[in-house]
$ cat input_25.csv   # CSV, N, CA and C atoms
chain,number,residue,atom,x,y,z
U,1,MET,N,6.0,36.8,26.3
U,1,MET,CA,5.8,35.8,27.3
U,1,MET,C,5.8,34.4,26.5
U,2,GLN,N,6.5,33.5,27.0
U,2,GLN,CA,6.7,32.2,26.4
U,2,GLN,C,5.5,31.3,26.8
U,3,GLN,N,4.9,30.6,25.7
U,3,GLN,CA,3.8,29.7,26.0
U,3,GLN,C,4.3,28.4,26.5
U,4,ARG,N,3.7,27.9,27.6
U,4,ARG,CA,4.1,26.6,28.2
U,4,ARG,C,3.4,25.5,27.4
U,5,LEU,N,4.1,24.5,27.1
U,5,LEU,CA,3.6,23.3,26.5
U,5,LEU,C,3.0,22.4,27.6
U,6,ALA,N,1.9,21.7,27.2
U,6,ALA,CA,1.3,20.8,28.2
U,6,ALA,C,2.3,19.7,28.5
U,7,LYS,N,2.3,19.2,29.7
U,7,LYS,CA,3.2,18.1,30.1
U,7,LYS,C,2.4,16.8,30.2
U,8,ARG,N,1.1,16.9,30.1
U,8,ARG,CA,0.3,15.7,30.3
U,8,ARG,C,-0.7,15.6,29.1
U,9,TYR,N,-0.9,14.4,28.6
U,9,TYR,CA,-1.7,14.2,27.5
U,9,TYR,C,-2.6,13.0,27.8
U,10,ASN,N,-3.8,13.0,27.2
U,10,ASN,CA,-4.7,11.9,27.3
U,10,ASN,C,-4.2,10.8,26.4
U,11,THR,N,-3.6,11.2,25.3
U,11,THR,CA,-3.1,10.2,24.3
U,11,THR,C,-1.9,10.7,23.6
U,12,ILE,N,-0.9,9.8,23.4
U,12,ILE,CA,0.2,10.2,22.5
U,12,ILE,C,0.2,9.2,21.3
U,13,VAL,N,0.2,9.7,20.2
U,13,VAL,CA,0.2,9.0,18.9
U,13,VAL,C,1.6,9.0,18.3
U,14,VAL,N,2.2,7.8,18.1
U,14,VAL,CA,3.5,7.7,17.6
U,14,VAL,C,3.3,7.4,16.1
U,15,GLY,N,3.8,8.4,15.3
U,15,GLY,CA,3.6,8.3,13.8
U,15,GLY,C,2.4,9.0,13.4
U,16,VAL,N,2.5,10.1,12.7
U,16,VAL,CA,1.4,10.9,12.2
U,16,VAL,C,1.3,10.9,10.7
U,17,GLY,N,1.3,9.8,10.1
U,17,GLY,CA,1.2,9.6,8.7
U,17,GLY,C,-0.3,9.4,8.4
U,18,GLY,N,-0.6,8.5,7.4
U,18,GLY,CA,-1.9,8.2,7.0
U,18,GLY,C,-2.9,7.7,8.0
U,19,ALA,N,-2.4,7.0,9.0
U,19,ALA,CA,-3.3,6.5,10.1
U,19,ALA,C,-3.2,7.4,11.3
U,20,GLY,N,-2.0,7.8,11.7
U,20,GLY,CA,-1.8,8.5,12.9
U,20,GLY,C,-2.4,9.9,12.9
U,21,SER,N,-2.3,10.6,11.7
U,21,SER,CA,-2.7,12.0,11.7
U,21,SER,C,-4.3,12.1,11.8
U,22,PRO,N,-5.1,11.2,11.2
U,22,PRO,CA,-6.5,11.3,11.4
U,22,PRO,C,-6.9,10.9,12.9
U,23,THR,N,-6.0,10.1,13.5
U,23,THR,CA,-6.3,9.7,14.9
U,23,THR,C,-6.1,10.9,15.8
U,24,VAL,N,-5.0,11.6,15.5
U,24,VAL,CA,-4.7,12.9,16.3
U,24,VAL,C,-5.9,13.8,16.1
U,25,TYR,N,-6.3,14.0,14.8
U,25,TYR,CA,-7.4,15.0,14.5
U,25,TYR,C,-8.7,14.6,15.2
U,26,GLU,N,-9.1,13.3,15.1
U,26,GLU,CA,-10.3,12.9,15.7
U,26,GLU,C,-10.3,13.1,17.3
U,27,LEU,N,-9.2,12.7,17.9
U,27,LEU,CA,-9.1,12.9,19.3
U,27,LEU,C,-9.1,14.4,19.7
U,28,ALA,N,-8.4,15.2,19.0
U,28,ALA,CA,-8.4,16.6,19.3
U,28,ALA,C,-9.8,17.2,19.1
U,29,LYS,N,-10.5,16.8,18.1
U,29,LYS,CA,-11.8,17.2,17.8
U,29,LYS,C,-12.8,16.9,19.0
U,30,ARG,N,-12.5,15.8,19.7
U,30,ARG,CA,-13.3,15.4,20.8
U,30,ARG,C,-12.8,16.1,22.1
U,31,GLY,N,-11.9,17.0,22.0
U,31,GLY,CA,-11.4,17.8,23.2
U,31,GLY,C,-10.4,17.1,24.0
U,32,LYS,N,-9.8,16.1,23.5
U,32,LYS,CA,-8.7,15.4,24.2
U,32,LYS,C,-7.4,16.1,24.0
U,33,ARG,N,-6.5,16.0,25.0
U,33,ARG,CA,-5.1,16.5,24.9
U,33,ARG,C,-4.3,15.4,24.2
U,34,VAL,N,-3.9,15.7,23.0
U,34,VAL,CA,-3.2,14.6,22.3
U,34,VAL,C,-1.9,15.2,21.7
U,35,LEU,N,-0.9,14.4,21.7
U,35,LEU,CA,0.4,14.7,21.2
U,35,LEU,C,0.7,13.7,20.1
U,36,GLY,N,1.1,14.2,18.9
U,36,GLY,CA,1.5,13.4,17.8
U,36,GLY,C,3.0,13.5,17.6
U,37,LEU,N,3.7,12.4,17.6
U,37,LEU,CA,5.1,12.3,17.4
U,37,LEU,C,5.4,11.7,16.1
U,38,GLU,N,6.3,12.4,15.4
U,38,GLU,CA,6.7,11.9,14.0
U,38,GLU,C,8.2,11.9,13.9
U,39,ARG,N,8.8,10.8,13.4
U,39,ARG,CA,10.2,10.7,13.1
U,39,ARG,C,10.7,11.5,12.0
U,40,TYR,N,9.8,11.6,10.9
U,40,TYR,CA,10.2,12.3,9.7
U,40,TYR,C,9.5,13.7,9.6
U,41,ASP,N,9.8,14.4,8.5
U,41,ASP,CA,9.1,15.7,8.3
U,41,ASP,C,7.6,15.4,8.1
U,42,ILE,N,6.8,16.4,8.3
U,42,ILE,CA,5.3,16.3,8.0
U,42,ILE,C,5.0,17.2,6.9
U,43,PRO,N,4.5,16.7,5.8
U,43,PRO,CA,4.2,15.3,5.4
U,43,PRO,C,5.5,14.7,4.9
U,44,HIS,N,5.5,13.4,4.8
U,44,HIS,CA,6.7,12.6,4.3
U,44,HIS,C,6.1,11.4,3.5
U,45,ASP,N,7.0,10.7,2.8
U,45,ASP,CA,6.6,9.6,2.0
U,45,ASP,C,7.2,8.3,2.5
U,46,MET,N,7.4,8.2,3.8
U,46,MET,CA,8.1,7.0,4.4
U,46,MET,C,7.1,6.1,5.1
U,47,GLY,N,5.8,6.4,5.1
U,47,GLY,CA,4.9,5.6,5.9
U,47,GLY,C,4.4,4.4,5.2
U,48,SER,N,3.8,3.5,6.0
U,48,SER,CA,3.3,2.2,5.4
U,48,SER,C,2.2,2.4,4.5
U,49,SER,N,1.5,3.5,4.6
U,49,SER,CA,0.3,3.7,3.8
U,49,SER,C,0.6,4.6,2.6
U,50,HIS,N,1.9,4.9,2.3
U,50,HIS,CA,2.2,5.7,1.2
U,50,HIS,C,2.4,5.0,-0.1
U,51,GLY,N,2.3,5.7,-1.2
U,51,GLY,CA,2.4,5.1,-2.5
U,51,GLY,C,1.4,5.8,-3.5
U,52,TYR,N,1.4,5.3,-4.7
U,52,TYR,CA,0.6,5.9,-5.7
U,52,TYR,C,-0.9,5.6,-5.5
U,53,THR,N,-1.2,4.5,-4.9
U,53,THR,CA,-2.6,4.1,-4.7
U,53,THR,C,-2.8,3.5,-3.4
U,54,ARG,N,-3.9,3.6,-2.8
U,54,ARG,CA,-4.3,2.9,-1.6
U,54,ARG,C,-5.7,2.3,-1.8
U,55,ILE,N,-6.0,1.3,-1.0
U,55,ILE,CA,-7.3,0.7,-1.2
U,55,ILE,C,-8.1,0.7,0.2
U,56,ILE,N,-9.3,0.9,0.1
U,56,ILE,CA,-10.2,0.6,1.2
U,56,ILE,C,-11.4,-0.1,0.7
U,57,ARG,N,-11.8,-1.2,1.3
U,57,ARG,CA,-12.9,-2.0,0.8
U,57,ARG,C,-13.8,-2.4,1.8
U,58,LEU,N,-15.1,-2.6,1.5
U,58,LEU,CA,-16.1,-3.0,2.4
U,58,LEU,C,-16.2,-4.5,2.6
U,59,ALA,N,-16.0,-5.2,1.5
U,59,ALA,CA,-16.0,-6.7,1.5
U,59,ALA,C,-14.7,-7.1,2.2
U,60,TYR,N,-14.6,-7.0,3.5
U,60,TYR,CA,-13.3,-7.2,4.2
U,60,TYR,C,-13.2,-8.7,4.5
U,61,TYR,N,-12.2,-9.4,3.9
U,61,TYR,CA,-12.2,-10.8,4.0
U,61,TYR,C,-11.6,-11.3,5.4
U,62,GLU,N,-10.9,-10.4,6.1
U,62,GLU,CA,-10.4,-10.8,7.4
U,62,GLU,C,-11.4,-11.2,8.4
U,63,HIS,N,-12.5,-10.4,8.4
U,63,HIS,CA,-13.7,-10.7,9.3
U,63,HIS,C,-14.8,-9.8,9.0
U,64,PRO,N,-16.1,-10.3,8.9
U,64,PRO,CA,-17.2,-9.4,8.6
U,64,PRO,C,-17.4,-8.3,9.7
U,65,SER,N,-16.9,-8.5,10.9
U,65,SER,CA,-17.1,-7.4,11.9
U,65,SER,C,-16.4,-6.1,11.6
U,66,TYR,N,-15.5,-6.1,10.6
U,66,TYR,CA,-14.8,-4.9,10.3
U,66,TYR,C,-15.7,-4.0,9.4
U,67,VAL,N,-16.7,-4.5,8.8
U,67,VAL,CA,-17.5,-3.8,7.8
U,67,VAL,C,-18.1,-2.5,8.5
U,68,MET,N,-18.6,-2.6,9.7
U,68,MET,CA,-19.1,-1.4,10.4
U,68,MET,C,-18.1,-0.3,10.6
U,69,LEU,N,-16.9,-0.7,10.9
U,69,LEU,CA,-15.8,0.3,11.0
U,69,LEU,C,-15.5,0.9,9.7
U,70,LEU,N,-15.5,0.1,8.7
U,70,LEU,CA,-15.2,0.6,7.3
U,70,LEU,C,-16.3,1.5,6.8
U,71,ARG,N,-17.5,1.2,7.1
U,71,ARG,CA,-18.6,2.2,6.7
U,71,ARG,C,-18.4,3.5,7.4
U,72,ARG,N,-17.9,3.5,8.7
U,72,ARG,CA,-17.6,4.7,9.4
U,72,ARG,C,-16.4,5.4,8.7
U,73,ALA,N,-15.4,4.7,8.3
U,73,ALA,CA,-14.3,5.2,7.6
U,73,ALA,C,-14.7,6.0,6.3
U,74,TYR,N,-15.7,5.3,5.6
U,74,TYR,CA,-16.2,6.0,4.4
U,74,TYR,C,-16.8,7.3,4.7
U,75,GLU,N,-17.6,7.3,5.8
U,75,GLU,CA,-18.3,8.6,6.2
U,75,GLU,C,-17.2,9.6,6.5
U,76,LEU,N,-16.2,9.3,7.2
U,76,LEU,CA,-15.1,10.2,7.6
U,76,LEU,C,-14.4,10.7,6.4
U,77,TRP,N,-14.1,9.9,5.4
U,77,TRP,CA,-13.5,10.3,4.2
U,77,TRP,C,-14.4,11.3,3.5
U,78,ARG,N,-15.7,11.1,3.4
U,78,ARG,CA,-16.6,12.0,2.8
U,78,ARG,C,-16.6,13.4,3.6
U,79,GLU,N,-16.5,13.3,4.9
U,79,GLU,CA,-16.5,14.5,5.7
U,79,GLU,C,-15.2,15.3,5.4
U,80,ILE,N,-14.1,14.6,5.3
U,80,ILE,CA,-12.8,15.3,5.0
U,80,ILE,C,-12.9,16.0,3.6
U,81,GLN,N,-13.5,15.2,2.6
U,81,GLN,CA,-13.6,15.7,1.3
U,81,GLN,C,-14.4,17.0,1.3
U,82,SER,N,-15.5,17.0,2.0
U,82,SER,CA,-16.4,18.2,2.0
U,82,SER,C,-15.6,19.4,2.7
U,83,ARG,N,-14.8,19.1,3.7
U,83,ARG,CA,-14.1,20.2,4.3
U,83,ARG,C,-13.0,20.8,3.4
U,84,VAL,N,-12.3,20.0,2.7
U,84,VAL,CA,-11.2,20.5,1.8
U,84,VAL,C,-11.7,20.8,0.4
U,85,GLY,N,-12.9,20.4,0.0
U,85,GLY,CA,-13.4,20.7,-1.3
U,85,GLY,C,-12.7,20.0,-2.4
U,86,GLU,N,-12.2,18.8,-2.1
U,86,GLU,CA,-11.5,18.0,-3.1
U,86,GLU,C,-11.9,16.6,-3.0
U,87,GLN,N,-12.1,15.9,-4.1
U,87,GLN,CA,-12.4,14.4,-4.0
U,87,GLN,C,-11.1,13.7,-3.7
U,88,LEU,N,-11.2,13.0,-2.5
U,88,LEU,CA,-10.1,12.1,-2.1
U,88,LEU,C,-10.4,10.7,-2.2
U,89,LEU,N,-11.6,10.3,-2.1
U,89,LEU,CA,-12.1,8.9,-2.1
U,89,LEU,C,-12.7,8.7,-3.5
U,90,HIS,N,-12.2,7.7,-4.2
U,90,HIS,CA,-12.7,7.3,-5.5
U,90,HIS,C,-13.2,5.9,-5.4
U,91,ILE,N,-14.6,5.8,-5.4
U,91,ILE,CA,-15.2,4.5,-5.3
U,91,ILE,C,-15.1,3.8,-6.6
U,92,THR,N,-14.6,2.6,-6.6
U,92,THR,CA,-14.5,1.7,-7.8
U,92,THR,C,-15.1,0.4,-7.5
U,93,GLY,N,-14.6,-0.6,-7.9
U,93,GLY,CA,-15.0,-2.0,-7.5
U,93,GLY,C,-13.7,-2.7,-7.1
U,94,SER,N,-13.8,-3.9,-6.7
U,94,SER,CA,-12.6,-4.7,-6.4
U,94,SER,C,-12.9,-6.1,-6.7
U,95,ILE,N,-11.9,-6.9,-6.8
U,95,ILE,CA,-12.0,-8.3,-7.0
U,95,ILE,C,-11.2,-9.0,-5.9
U,96,ASP,N,-11.8,-9.9,-5.2
U,96,ASP,CA,-11.1,-10.8,-4.2
U,96,ASP,C,-11.2,-12.1,-4.9
U,97,ALA,N,-10.1,-12.7,-5.2
U,97,ALA,CA,-10.1,-14.0,-5.9
U,97,ALA,C,-9.4,-15.1,-5.2
U,98,GLY,N,-9.8,-16.3,-5.4
U,98,GLY,CA,-9.2,-17.4,-4.8
U,98,GLY,C,-10.0,-18.7,-5.0
U,99,PRO,N,-9.5,-19.8,-4.7
U,99,PRO,CA,-10.3,-21.0,-4.8
U,99,PRO,C,-11.6,-20.9,-3.9
U,100,ALA,N,-12.6,-21.6,-4.2
U,100,ALA,CA,-13.9,-21.4,-3.4
U,100,ALA,C,-13.7,-21.7,-2.0
U,101,ASP,N,-12.8,-22.5,-1.6
U,101,ASP,CA,-12.6,-22.8,-0.1
U,101,ASP,C,-11.5,-21.9,0.5
U,102,SER,N,-11.0,-20.9,-0.2
U,102,SER,CA,-9.9,-20.1,0.3
U,102,SER,C,-10.4,-19.1,1.3
U,103,TRP,N,-9.5,-18.7,2.2
U,103,TRP,CA,-9.8,-17.7,3.3
U,103,TRP,C,-10.3,-16.4,2.7
U,104,VAL,N,-9.6,-15.9,1.6
U,104,VAL,CA,-9.9,-14.6,1.0
U,104,VAL,C,-11.3,-14.7,0.4
U,105,PHE,N,-11.6,-15.7,-0.4
U,105,PHE,CA,-12.9,-15.8,-1.0
U,105,PHE,C,-14.0,-15.9,0.0
U,106,LYS,N,-13.8,-16.9,0.9
U,106,LYS,CA,-14.9,-17.1,1.9
U,106,LYS,C,-15.1,-16.0,2.8
U,107,GLY,N,-14.0,-15.3,3.2
U,107,GLY,CA,-14.2,-14.2,4.1
U,107,GLY,C,-14.8,-13.0,3.5
U,108,SER,N,-14.4,-12.7,2.3
U,108,SER,CA,-15.0,-11.6,1.5
U,108,SER,C,-16.5,-11.8,1.2
U,109,TRP,N,-16.8,-13.0,0.8
U,109,TRP,CA,-18.2,-13.4,0.5
U,109,TRP,C,-19.1,-13.3,1.8
U,110,GLN,N,-18.5,-13.7,2.9
U,110,GLN,CA,-19.3,-13.7,4.2
U,110,GLN,C,-19.6,-12.2,4.6
U,111,SER,N,-18.6,-11.3,4.4
U,111,SER,CA,-18.8,-9.9,4.6
U,111,SER,C,-20.0,-9.4,3.8
U,112,CYS,N,-20.0,-9.8,2.5
U,112,CYS,CA,-21.0,-9.3,1.6
U,112,CYS,C,-22.4,-9.9,2.0
U,113,LEU,N,-22.4,-11.1,2.4
U,113,LEU,CA,-23.7,-11.7,2.8
U,113,LEU,C,-24.2,-11.1,4.1
U,114,ASP,N,-23.3,-11.0,5.1
U,114,ASP,CA,-23.7,-10.5,6.4
U,114,ASP,C,-24.2,-9.1,6.4
U,115,HIS,N,-23.7,-8.3,5.5
U,115,HIS,CA,-23.9,-6.8,5.5
U,115,HIS,C,-24.6,-6.3,4.2
U,116,ASN,N,-25.2,-7.3,3.5
U,116,ASN,CA,-25.9,-6.9,2.2
U,116,ASN,C,-25.1,-6.0,1.3
U,117,LEU,N,-23.9,-6.4,1.1
U,117,LEU,CA,-23.0,-5.6,0.2
U,117,LEU,C,-23.3,-6.1,-1.2
U,118,PRO,N,-23.4,-5.2,-2.2
U,118,PRO,CA,-23.5,-5.6,-3.6
U,118,PRO,C,-22.3,-6.4,-4.0
U,119,HIS,N,-22.5,-7.5,-4.6
U,119,HIS,CA,-21.4,-8.4,-5.0
U,119,HIS,C,-21.8,-9.4,-6.1
U,120,GLU,N,-20.9,-9.9,-6.8
U,120,GLU,CA,-21.1,-11.0,-7.7
U,120,GLU,C,-20.1,-12.1,-7.5
U,121,VAL,N,-20.4,-13.3,-7.6
U,121,VAL,CA,-19.5,-14.4,-7.6
U,121,VAL,C,-19.3,-14.9,-9.0
U,122,LEU,N,-18.1,-14.9,-9.5
U,122,LEU,CA,-17.7,-15.3,-10.8
U,122,LEU,C,-16.7,-16.3,-10.8
U,123,THR,N,-16.7,-17.2,-11.8
U,123,THR,CA,-15.6,-18.1,-12.0
U,123,THR,C,-14.5,-17.4,-12.7
U,124,GLY,N,-13.3,-18.0,-12.7
U,124,GLY,CA,-12.2,-17.4,-13.4
U,124,GLY,C,-12.5,-17.2,-14.9
U,125,ARG,N,-13.2,-18.2,-15.5
U,125,ARG,CA,-13.7,-18.1,-16.9
U,125,ARG,C,-14.6,-16.9,-17.1
U,126,GLU,N,-15.6,-16.7,-16.2
U,126,GLU,CA,-16.5,-15.6,-16.3
U,126,GLU,C,-15.8,-14.2,-16.1
U,127,LEU,N,-14.8,-14.2,-15.2
U,127,LEU,CA,-14.1,-13.0,-15.0
U,127,LEU,C,-13.2,-12.6,-16.2
U,128,ALA,N,-12.6,-13.6,-16.8
U,128,ALA,CA,-11.8,-13.4,-18.0
U,128,ALA,C,-12.6,-12.9,-19.2
U,129,ALA,N,-13.9,-13.4,-19.3
U,129,ALA,CA,-14.8,-13.0,-20.4
U,129,ALA,C,-15.2,-11.5,-20.2
U,130,ARG,N,-15.4,-11.1,-18.9
U,130,ARG,CA,-15.8,-9.8,-18.7
U,130,ARG,C,-14.7,-8.8,-18.6
U,131,TYR,N,-13.6,-9.2,-18.1
U,131,TYR,CA,-12.4,-8.4,-17.9
U,131,TYR,C,-11.2,-9.1,-18.5
U,132,PRO,N,-10.9,-9.0,-19.8
U,132,PRO,CA,-9.9,-9.8,-20.5
U,132,PRO,C,-8.5,-9.6,-19.9
U,133,GLY,N,-8.2,-8.6,-19.1
U,133,GLY,CA,-6.9,-8.5,-18.5
U,133,GLY,C,-6.6,-9.5,-17.4
U,134,TYR,N,-7.7,-10.1,-16.9
U,134,TYR,CA,-7.5,-11.1,-15.8
U,134,TYR,C,-7.4,-12.5,-16.4
U,135,ARG,N,-6.4,-13.3,-16.0
U,135,ARG,CA,-6.2,-14.6,-16.4
U,135,ARG,C,-6.0,-15.5,-15.2
U,136,LEU,N,-7.1,-15.8,-14.5
U,136,LEU,CA,-7.1,-16.7,-13.4
U,136,LEU,C,-7.4,-18.1,-13.9
U,137,PRO,N,-7.0,-19.1,-13.1
U,137,PRO,CA,-7.5,-20.4,-13.5
U,137,PRO,C,-9.0,-20.4,-13.5
U,138,PHE,N,-9.5,-21.1,-14.5
U,138,PHE,CA,-11.0,-21.1,-14.8
U,138,PHE,C,-11.8,-21.6,-13.6
U,139,GLU,N,-11.2,-22.5,-12.8
U,139,GLU,CA,-12.0,-23.0,-11.6
U,139,GLU,C,-11.9,-22.0,-10.4
U,140,THR,N,-11.1,-21.0,-10.5
U,140,THR,CA,-11.0,-20.0,-9.4
U,140,THR,C,-12.3,-19.2,-9.3

$ encode --input "input_25.csv" --output "structure tokens"
Amino acid sequence: MQQRLAKRYNTIVVGVGGAGSPTVYELAKRGKRVLGLERYDIPHDMGSSHGYTRIIRLAYYEHPSYVMLLRRAYELWREIQSRVGEQLLHITGSIDAGPADSWVFKGSWQSCLDHNLPHEVLTGRELAARYPGYRLPFET
């Protein structure tokens, strides 16, 4: 007997790479009928999130409101790690640099202040003294 495929879905996700596949997973986990469509083989290395390294950061300079979503993303990464028994998320540090009045610096700093994220504000000179590989203008 041939199994019939569903003809109706609550959600259709186009692209099931690094962002689409967890979306399909989370929706299916919630009992939704979801269809994931992918142009390439699964897995593949053609997605926008592919490469040797990826970054996720809490001090999100685009807007402090993202921090709550990012904290949830960290929880989900830890959940996936425990399910697969392998470390996938490696917490390090990051540097957001720019002039004091720049969008990147001000936005990142505001996220830290609004959400009590551990952070330090360093000048380019202080950064170079601590991490000699960085050579930013001293006033940065």

$ atom_distance --input "input_25.csv" --atom1 "atom CA of U:Leu117" --atom2 "atom CA of U:Gln81"
23.3 Å

$ select_by_dssp --input "input_25.csv" --residues "chain U" --states "strand (DSSP E)" --output "PyMOL selection string"
chain U and resi 11-14+34-37

$ closest_residue --input "input_25.csv" --among "U:Pro137, U:Gly15, U:Gly36, U:Gly93" --to "U:Arg57" --atoms "only N, CA and C atoms"
U:Gly93

$ atom_distance --input "input_25.csv" --atom1 "atom C of U:Val67" --atom2 "atom N of U:Gly31"
24.5 Å

$ atom_distance --input "input_25.csv" --atom1 "atom CA of U:Ser108" --atom2 "atom C of U:Gly51"
24.4 Å

$ select_by_dssp --input "input_25.csv" --residues "chain U" --states "helix (DSSP H, G or I)" --output "ChimeraX atom specification"
/U:20-29,66-84,103-114,124-130

$ residues_around --input "input_25.csv" --residues "U:Ser111" --least-positions-apart "5" --cutoff "6 Å" --atoms "only N, CA and C atoms" --output "PyMOL selection string"
chain U and resi 59-60+63-64+116-117

$ write_last_selection --input "input_25.csv" --atoms "N, CA and C atoms" --output "short mmCIF file (atom, residue, chain, number, x, y, z; two decimals), in the frame of the given file"
data_model
loop_
_atom_site.label_atom_id
_atom_site.label_comp_id
_atom_site.auth_asym_id
_atom_site.auth_seq_id
_atom_site.Cartn_x
_atom_site.Cartn_y
_atom_site.Cartn_z
N ALA U 59 -16.00 -5.20 1.50
CA ALA U 59 -16.00 -6.70 1.50
C ALA U 59 -14.70 -7.10 2.20
N TYR U 60 -14.60 -7.00 3.50
CA TYR U 60 -13.30 -7.20 4.20
C TYR U 60 -13.20 -8.70 4.50
N HIS U 63 -12.50 -10.40 8.40
CA HIS U 63 -13.70 -10.70 9.30
C HIS U 63 -14.80 -9.80 9.00
N PRO U 64 -16.10 -10.30 8.90
CA PRO U 64 -17.20 -9.40 8.60
C PRO U 64 -17.40 -8.30 9.70
N ASN U 116 -25.20 -7.30 3.50
CA ASN U 116 -25.90 -6.90 2.20
C ASN U 116 -25.10 -6.00 1.30
N LEU U 117 -23.90 -6.40 1.10
CA LEU U 117 -23.00 -5.60 0.20
C LEU U 117 -23.30 -6.10 -1.20
#

$ closest_residue --input "input_25.csv" --among "U:Tyr25, U:Tyr52, U:Tyr61, U:Tyr40" --to "U:Trp109" --atoms "only N, CA and C atoms"
U:Tyr61

$ residues_around --input "input_25.csv" --residues "U:Asn10" --least-positions-apart "2" --cutoff "6 Å" --atoms "all atoms listed in the file" --output "ChimeraX atom specification"
/U:8,12,32-34

$ write_last_selection --input "input_25.csv" --atoms "N, CA and C atoms" --output "short mmCIF file (atom, residue, chain, number, x, y, z; two decimals), in the coordinates of the input"
data_model
loop_
_atom_site.label_atom_id
_atom_site.label_comp_id
_atom_site.auth_asym_id
_atom_site.auth_seq_id
_atom_site.Cartn_x
_atom_site.Cartn_y
_atom_site.Cartn_z
N ARG U 8 1.10 16.90 30.10
CA ARG U 8 0.30 15.70 30.30
C ARG U 8 -0.70 15.60 29.10
N ILE U 12 -0.90 9.80 23.40
CA ILE U 12 0.20 10.20 22.50
C ILE U 12 0.20 9.20 21.30
N LYS U 32 -9.80 16.10 23.50
CA LYS U 32 -8.70 15.40 24.20
C LYS U 32 -7.40 16.10 24.00
N ARG U 33 -6.50 16.00 25.00
CA ARG U 33 -5.10 16.50 24.90
C ARG U 33 -4.30 15.40 24.20
N VAL U 34 -3.90 15.70 23.00
CA VAL U 34 -3.20 14.60 22.30
C VAL U 34 -1.90 15.20 21.70
#

$ closest_residue --input "input_25.csv" --among "U:Lys29, U:Ala128, U:Arg78, U:Pro118" --to "U:Ser94" --atoms "only C-alpha atoms"
U:Pro118

$ closest_residue --input "input_25.csv" --among "U:Cys112, U:His119, U:Ser48, U:Leu58" --to "U:Gly18" --atoms "all atoms listed in the file"
U:Ser48
